[in-house]
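Remarks on the structure that follows.
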Number of protein chains: 4
Amino acid sequence: MGDLLGVAVLGAGHMGADHIRRLDQVVSGARVVAVADPDVERAKEAVAGLTGVSVRPDAEAALDAPGVAAVLIASPGPAHEEALLAAFARGLPVLCEKPMVPDSTGALRIVEAETRVGRRLAQIGFMRRYDAEYRRLKSLLDGGSLGRPLMLHCTHRNVSSPPDFTSAMLVNSSVSHEIDAARWLLGQELTAVTVLRPAPSSDAPAGLLDPQFVLFETDGGALVDVEVFVNCGFGYQVRCEAVCERGSARIGDEHTMVVTTGGAAREEVAQDYLVRFAAAYDREVQAWVDATRRGEVTGASVWDGYASSVVAEAGVRALESGGRVTVGLAPRPDLYDPRAGVSR
Amino acid sequence: MGDLLGVAVLGAGHMGADHIRRLDQVVSGARVVAVADPDVERAKEAVAGLTGVSVRPDAEAALDAPGVAAVLIASPGPAHEEALLAAFARGLPVLCEKPMVPDSTGALRIVEAETRVGRRLAQIGFMRRYDAEYRRLKSLLDGGSLGRPLMLHCTHRNVSSPPDFTSAMLVNSSVSHEIDAARWLLGQELTAVTVLRPAPSSDAPAGLLDPQFVLFETDGGALVDVEVFVNCGFGYQVRCEAVCERGSARIGDEHTMVVTTGGAAREEVAQDYLVRFAAAYDREVQAWVDATRRGEVTGASVWDGYASSVVAEAGVRALESGGRVTVGLAPRPDLYDPRAGVSR
Amino acid sequence: MGDLLGVAVLGAGHMGADHIRRLDQVVSGARVVAVADPDVERAKEAVAGLTGVSVRPDAEAALDAPGVAAVLIASPGPAHEEALLAAFARGLPVLCEKPMVPDSTGALRIVEAETRVGRRLAQIGFMRRYDAEYRRLKSLLDGGSLGRPLMLHCTHRNVSSPPDFTSAMLVNSSVSHEIDAARWLLGQELTAVTVLRPAPSSDAPAGLLDPQFVLFETDGGALVDVEVFVNCGFGYQVRCEAVCERGSARIGDEHTMVVTTGGAAREEVAQDYLVRFAAAYDREVQAWVDATRRGEVTGASVWDGYASSVVAEAGVRALESGGRVTVGLAPRPDLYDPRAGVSR
Amino acid sequence: MGDLLGVAVLGAGHMGADHIRRLDQVVSGARVVAVADPDVERAKEAVAGLTGVSVRPDAEAALDAPGVAAVLIASPGPAHEEALLAAFARGLPVLCEKPMVPDSTGALRIVEAETRVGRRLAQIGFMRRYDAEYRRLKSLLDGGSLGRPLMLHCTHRNVSSPPDFTSAMLVNSSVSHEIDAARWLLGQELTAVTVLRPAPSSDAPAGLLDPQFVLFETDGGALVDVEVFVNCGFGYQVRCEAVCERGSARIGDEHTMVVTTGGAAREEVAQDYLVRFAAAYDREVQAWVDATRRGEVTGASVWDGYASSVVAEAGVRALESGGRVTVGLAPRPDLYDPRAGVSR
């Protein structure tokens, strides 16, 4: 497929270092040519063993390094807006980790900026769209054999939450994956949200409202419910059941090796999202590299990043108020036709 | 265990005839000695082949027939109140099919009448309490190894609804099973209900709000959600997942024979509740006969029948209003200590 | 269905006492009227609480007790031949626990005796024919949608073997269930047997060849393999996969409640055949009582008991010789048309 | 990791073209620098879009092309011996598709040639060793928590066989995967083989003995049975259950999306080995590229290729004779210590 795609990676923390490794060792057709991180030592460690990589303390300098043809943004969320605008100014294709930017006002500015460019440059890192099971479900729903989807029942469980996790973050960080997945699977916008709060688990940190039960309504009349439980203790589980007019389909009960011993048949449950979605990350970055080399932009758009941000903010208000909160989106620019949102 | 228990069966319709067959051919320790039905010919047909059965057009006459030591009420709901009071007046033990009586005002009169008797005589026919899977789940939750239950996710699907089924009946007939099951599994009262109404399936009869998504809150801080979908087309499915502090447990994905052919591994899904719960009905009636012969009353109480009725009525109001409706129960007489509500 | 069937139970040991309980408390339409056991005290204990039961030290006296209309033989194997002949002499219908008699020579005498009677009187207690999963598999195979069965893969595992269990008993006691099940499912006779002996598990008692892998060939060209492992330590598992020309079907991965906790999804595995096959025993005895009251004999025949006995003896010779041993059956009397061998 | 590994691919047929695509688009760290195929047009098509690839009609010329640092042999089996010897003569690392060579005599010559080189250069393409499920099973068995493996029950089913497939090919082509997998999983050599032949499916081509049931004994006293059925009609299924002293473990019931519709819960069954093992091929080639760049050789060895070949030939004799055939291996050179046979 010709020359390797030269990528500048912004951010060399946990996620950035992982993407550098992925671009070097897993993905075909790309090479890392520049890395930016204010902590230059950390950036140097992340590229140890690689040759010909410009390491810079700031993002703009990395974008201007020789050989840069695309950008992968893995810096902290507050740095994303400036990085996206700098990439747009240079006409560089971008893969931007989620959340796109920290709030919906900033997200709308990104939508407006890309609309001014007049063509799509950025893909947002909603990697579930690249998970094999989600893709099979999407394909089944799009095929129409089960009729119209009526409800999605979702489960999102983590073994335990990181320190300083807040009740709002169950909605705007954990559930943000389901927000995008629901929009993508249904091809509909979410229009209202309600958050129910059962008595918290005694294993949750004091003051954390965990679990929560989040209900979304859509502009197509569907209902999406999400159990989010980030201190469930027993595993990382992401499940989705689509209930349609003429059948239901369920993913996420992954089932590989069944071990029978000591009076029970056991299947291991993944403990970590990196185990569950490792292949999805690989496929996402490979798809981005392939599309970029073809001169295309696929995957989740800046509009998807904006819409997720608005819904998540409404979710947090619903959590705080205990009532139903409606979602108000700005008008969607023509650039973001939803039928272009799926990479293949 | 000594003499056979002489049972008067009130009602010889579909359900009554099935109970007559069950008492005669399946259950040990009982015999049918009287049957009442206004349609005497129907009653005679239901006991064809049996000997020594008094067939009467009215219930009181059947209760007074020779050899009657217990009553099974399977007549239409509006006839239940009079039948229950007649049994109470005679001190006869009763198994009464659900719904106990058509509305909560009548249900409260039954509670008051049995309270005046001063001892429990009636068991209400919530047969899920006798299903092997529900019992395993109850036993697991009571054992405490998973910690406190936080949420119950329930599914209740029928292939198609009977003629004249109304939107309210999804709540007060279909979901009434989940209402009792949730109260029983959790040992908690339901305190509020909200009903969400996705766009109806195009396979549902015109005007029927099907499916619905019903949310209950409990006095223990748990959350119970129920998908009820009575024209799902593909099978009869009753599932329940209990999410607890330290684990989850799921029943209802029954799995017996897996057939692999034509590119898929298939498991049959039951098409009918009589297939799914046949053994539960048998076990329920056997347990009632055994307890009655021992002079005991077990199973769901008149209070359970009353509470279910109040919750179901609140659910219908929630469906109509689109909002959250709280549940107001009368004070519970001491006779109905919940710890006596489980038969073994 | 008219009067209760009066049953004489021969043998009041573990199995006999369980059948007395079953006839009294579970099965409809029968009552125990006589019990025989050389240990009269044990017999009296087994009928404590029952009224009108003749307790006798010897079988013939019990058969002649008032009200006896049928016989259930649950005495030790060596007593079966005399008991069967005594029942035949009186024209009494019989349900006889397996093994029918201890060896194939005696089994052939029973075949000849019943043939002289000229009609079937005895049903042999191969209870797997009454297990719901085996019946579904039988029905699927008979329906023909998957084509001709080519192979049966069977698993038979016990937690641990009883004291004094011998290597031969893996074949002639444990595998005897698979011998009958294979003959019944396929409607074919087994014609040769080979036994392979992997290195024994270190958890098996010293000298016991456990596990074994037993291969049967049939007169229809099918192959049946059985893993028998009676000290597997982790559960009681009975599975069967039928591989047919156009699909396969598998039973025995029973799946009821799935519990997810501590990093794994778990399903309990039954520890005991009484748990796994409790309902099959109930259904077997109920079917026998029902058929007997209708004047019919269904279920496994004396011929089935004989054929199983011959195959099991060939299996033991195959185990000892390490080679392939052919099975030689006597000509089958017309009385035992295989198409009559299934009760419904 | 420094410069890209220059690979010469020998053979540009179906498998060769797929490996060229894989090296170009999927695998990181390698580039195709030479391709050999007698059909030069076919070779040119396979590298369309790639730059800097030498296309040659013969293998030796391709090995001598500029930039070749490793060889992937995907030519027809009869060409493998010459290609392997040419690679050995040049000291080039090799990944050689299975079968290594067409017969065990040739295989032994390869063993001897590599032994003369004095270090391992070749990895044989047994890709199941790179399948995630097989690796989990291997890891579980090696961990020892279930005790010693006693039996492996294997299933190998194809929808239909290619034209001209012979009865011997069920053993020496289809089952050859299980031969290697069993040796690898158990870390034992297979010492004897017996093949049972049920009456063929009427859906198999006339004269093809399909299915077959193949039994292997090992030098560790374990038993391996394989159902091989290459015209099963319903899917591609590869399963393996390891029965150990203290538990069993089963892989191959892959379970991703469950669709419930039309009265059944369905899971799709893969129709093709490329679907089932696509990721294993990717992982195999990536592991080979990574190890080669580190200067190591991992994966299945030339000895594994030789041993599989000897066992497969014994299997064909067992099929023809109907009896048990013992396996005679040459003494194993020290170079092939089995503990080095696993890549990580």
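Residue numbers start at 1 in each chain; chains themselves are named A, B, ... in the order of the structure tokens; ligands are numbered from 1 in the order shown.
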
Fill in: Counting only C-alpha atoms, chain B residues within 10 Å of chain A, as a count of residues only
44

Worksheet item: Hey, what does DSSP flag as alpha helix (DSSP H) within region 221-336 of chain A? Can you give it to me as a ChimeraX atom specification?
Response: /A:273-293,302-321

Quick one: everything within 12 Å of Phe165 (chain C), counting only C-alpha atoms, minus sequence neighbours fewer than 6 positions away in the same chain. Send it as a PDB file with C-alpha atoms, in the first residue's frame.
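Below you can see out_31.pdb, which holds the result:
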ATOM      1  CA  VAL C 171     -18.676 -51.488  32.596  1.00  0.00           C
ATOM      2  CA  ASN C 172     -21.432 -53.681  33.979  1.00  0.00           C
ATOM      3  CA  SER C 173     -22.901 -51.248  36.483  1.00  0.00           C
ATOM      4  CA  SER C 174     -22.066 -47.662  35.446  1.00  0.00           C
ATOM      5  CA  ALA C 204      -8.849 -43.508  41.998  1.00  0.00           C
ATOM      6  CA  PRO C 205      -8.518 -46.279  44.575  1.00  0.00           C
ATOM      7  CA  ALA C 206      -5.401 -48.405  44.024  1.00  0.00           C
ATOM      8  CA  GLY C 207      -5.994 -51.057  41.380  1.00  0.00           C
ATOM      9  CA  LEU C 208      -9.160 -49.538  39.955  1.00  0.00           C
ATOM     10  CA  LEU C 209      -8.963 -48.929  36.208  1.00  0.00           C
ATOM     11  CA  ASP C 210     -10.623 -45.543  36.249  1.00  0.00           C
ATOM     12  CA  VAL C 230     -16.244 -42.768  38.557  1.00  0.00           C
ATOM     13  CA  ASN C 231     -13.732 -40.844  40.661  1.00  0.00           C
TER      14      ASN C 231
END

Taking the DSSP secondary structure from the backbone, can you list the residues of region 134-284 of chain D that are strand (DSSP E), as a PDB file with C-alpha atoms, in the first residue's frame?
ATOM      1  CA  PRO D 149      -4.639 -35.056  31.670  1.00  0.00           C
ATOM      2  CA  LEU D 150      -6.202 -38.491  31.166  1.00  0.00           C
ATOM      3  CA  MET D 151      -8.150 -38.068  27.935  1.00  0.00           C
ATOM      4  CA  LEU D 152      -8.693 -35.561  25.151  1.00  0.00           C
ATOM      5  CA  HIS D 153     -12.041 -35.704  23.359  1.00  0.00           C
ATOM      6  CA  CYS D 154     -11.743 -33.883  20.041  1.00  0.00           C
ATOM      7  CA  THR D 155     -14.220 -32.952  17.337  1.00  0.00           C
ATOM      8  CA  HIS D 156     -13.253 -31.818  13.855  1.00  0.00           C
ATOM      9  CA  ARG D 157     -16.138 -31.083  11.496  1.00  0.00           C
ATOM     10  CA  LEU D 190       1.497 -40.607  20.276  1.00  0.00           C
ATOM     11  CA  THR D 191       2.382 -44.289  20.297  1.00  0.00           C
ATOM     12  CA  ALA D 192      -0.522 -46.140  18.683  1.00  0.00           C
ATOM     13  CA  VAL D 193      -3.581 -45.416  16.585  1.00  0.00           C
ATOM     14  CA  THR D 194      -6.869 -47.177  15.811  1.00  0.00           C
ATOM     15  CA  VAL D 195      -9.489 -45.929  13.358  1.00  0.00           C
ATOM     16  CA  LEU D 196     -13.159 -46.874  13.645  1.00  0.00           C
ATOM     17  CA  GLN D 212     -14.297 -41.656  11.147  1.00  0.00           C
ATOM     18  CA  PHE D 213     -13.418 -42.013  14.801  1.00  0.00           C
ATOM     19  CA  VAL D 214      -9.694 -42.011  15.483  1.00  0.00           C
ATOM     20  CA  LEU D 215      -8.103 -43.155  18.750  1.00  0.00           C
ATOM     21  CA  PHE D 216      -4.560 -42.336  19.788  1.00  0.00           C
ATOM     22  CA  GLU D 217      -2.608 -43.691  22.743  1.00  0.00           C
ATOM     23  CA  THR D 218       0.324 -41.727  24.163  1.00  0.00           C
ATOM     24  CA  LEU D 223      -6.045 -41.418  25.366  1.00  0.00           C
ATOM     25  CA  VAL D 224      -6.988 -39.049  22.542  1.00  0.00           C
ATOM     26  CA  ASP D 225     -10.150 -39.591  20.534  1.00  0.00           C
ATOM     27  CA  VAL D 226     -11.079 -37.573  17.469  1.00  0.00           C
ATOM     28  CA  GLU D 227     -14.379 -37.485  15.646  1.00  0.00           C
ATOM     29  CA  VAL D 228     -13.554 -36.336  12.139  1.00  0.00           C
ATOM     30  CA  PHE D 229     -16.574 -35.597   9.943  1.00  0.00           C
ATOM     31  CA  GLN D 237     -16.510 -27.002  14.448  1.00  0.00           C
ATOM     32  CA  VAL D 238     -13.274 -27.679  16.245  1.00  0.00           C
ATOM     33  CA  ARG D 239     -13.658 -28.619  19.875  1.00  0.00           C
ATOM     34  CA  CYS D 240     -11.436 -30.165  22.488  1.00  0.00           C
ATOM     35  CA  GLU D 241     -12.256 -31.345  25.974  1.00  0.00           C
ATOM     36  CA  ALA D 242      -9.380 -32.250  28.262  1.00  0.00           C
ATOM     37  CA  VAL D 243     -10.413 -34.639  31.024  1.00  0.00           C
ATOM     38  CA  CYS D 244      -7.968 -34.463  33.901  1.00  0.00           C
ATOM     39  CA  GLY D 247     -11.557 -31.458  36.423  1.00  0.00           C
ATOM     40  CA  SER D 248     -12.265 -31.055  32.763  1.00  0.00           C
ATOM     41  CA  ALA D 249     -11.887 -28.100  30.432  1.00  0.00           C
ATOM     42  CA  ARG D 250     -13.581 -27.607  27.123  1.00  0.00           C
ATOM     43  CA  ILE D 251     -12.884 -25.198  24.289  1.00  0.00           C
ATOM     44  CA  VAL D 258     -27.169 -15.196  20.899  1.00  0.00           C
ATOM     45  CA  VAL D 259     -30.172 -14.405  18.709  1.00  0.00           C
ATOM     46  CA  THR D 260     -33.597 -15.452  19.884  1.00  0.00           C
ATOM     47  CA  THR D 261     -36.236 -15.512  17.197  1.00  0.00           C
ATOM     48  CA  ALA D 264     -35.310 -20.761  19.314  1.00  0.00           C
ATOM     49  CA  ALA D 265     -32.192 -19.164  20.719  1.00  0.00           C
ATOM     50  CA  ARG D 266     -29.550 -19.396  18.022  1.00  0.00           C
ATOM     51  CA  GLU D 267     -25.842 -18.976  17.885  1.00  0.00           C
ATOM     52  CA  GLU D 268     -24.143 -18.919  14.561  1.00  0.00           C
TER      53      GLU D 268
END

Item to complete: Please identify all polymer residues within 8 Å of Tyr236 (chain A), counting only C-alpha atoms, omitting same-chain residues fewer than 4 positions from it, and present them as a ChimeraX atom specification.
Response: /A:156-159,269-273,276

N, CA and C atoms of the current selection, written as an mmCIF file, in the first residue's frame:
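So the final result, stored in out-v9.cif, reads:
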data_model
loop_
_atom_site.group_PDB
_atom_site.id
_atom_site.type_symbol
_atom_site.label_atom_id
_atom_site.label_comp_id
_atom_site.auth_asym_id
_atom_site.auth_seq_id
_atom_site.Cartn_x
_atom_site.Cartn_y
_atom_site.Cartn_z
ATOM 1 N N HIS A 156 -22.896 -2.473 32.333
ATOM 2 C CA HIS A 156 -21.521 -1.981 32.319
ATOM 3 C C HIS A 156 -20.989 -2.117 33.738
ATOM 4 N N ARG A 157 -20.143 -3.107 33.952
ATOM 5 C CA ARG A 157 -19.638 -3.366 35.306
ATOM 6 C C ARG A 157 -18.122 -3.365 35.320
ATOM 7 N N ASN A 158 -17.579 -2.745 36.348
ATOM 8 C CA ASN A 158 -16.137 -2.789 36.597
ATOM 9 C C ASN A 158 -15.879 -3.440 37.942
ATOM 10 N N VAL A 159 -14.709 -4.023 38.083
ATOM 11 C CA VAL A 159 -14.356 -4.629 39.364
ATOM 12 C C VAL A 159 -14.368 -3.569 40.462
ATOM 13 N N VAL A 269 -14.360 -14.622 33.865
ATOM 14 C CA VAL A 269 -14.873 -13.324 33.459
ATOM 15 C C VAL A 269 -13.686 -12.373 33.389
ATOM 16 N N ALA A 270 -13.598 -11.622 32.293
ATOM 17 C CA ALA A 270 -12.483 -10.689 32.152
ATOM 18 C C ALA A 270 -12.488 -9.724 33.329
ATOM 19 N N GLN A 271 -11.299 -9.306 33.762
ATOM 20 C CA GLN A 271 -11.195 -8.410 34.912
ATOM 21 C C GLN A 271 -10.954 -6.974 34.466
ATOM 22 N N ASP A 272 -10.764 -6.735 33.193
ATOM 23 C CA ASP A 272 -10.230 -5.454 32.775
ATOM 24 C C ASP A 272 -10.708 -5.147 31.367
ATOM 25 N N TYR A 273 -10.972 -3.865 31.092
ATOM 26 C CA TYR A 273 -11.451 -3.530 29.752
ATOM 27 C C TYR A 273 -10.373 -3.733 28.708
ATOM 28 N N ARG A 276 -10.977 -7.214 27.555
ATOM 29 C CA ARG A 276 -12.208 -7.360 26.786
ATOM 30 C C ARG A 276 -12.123 -6.665 25.439
#
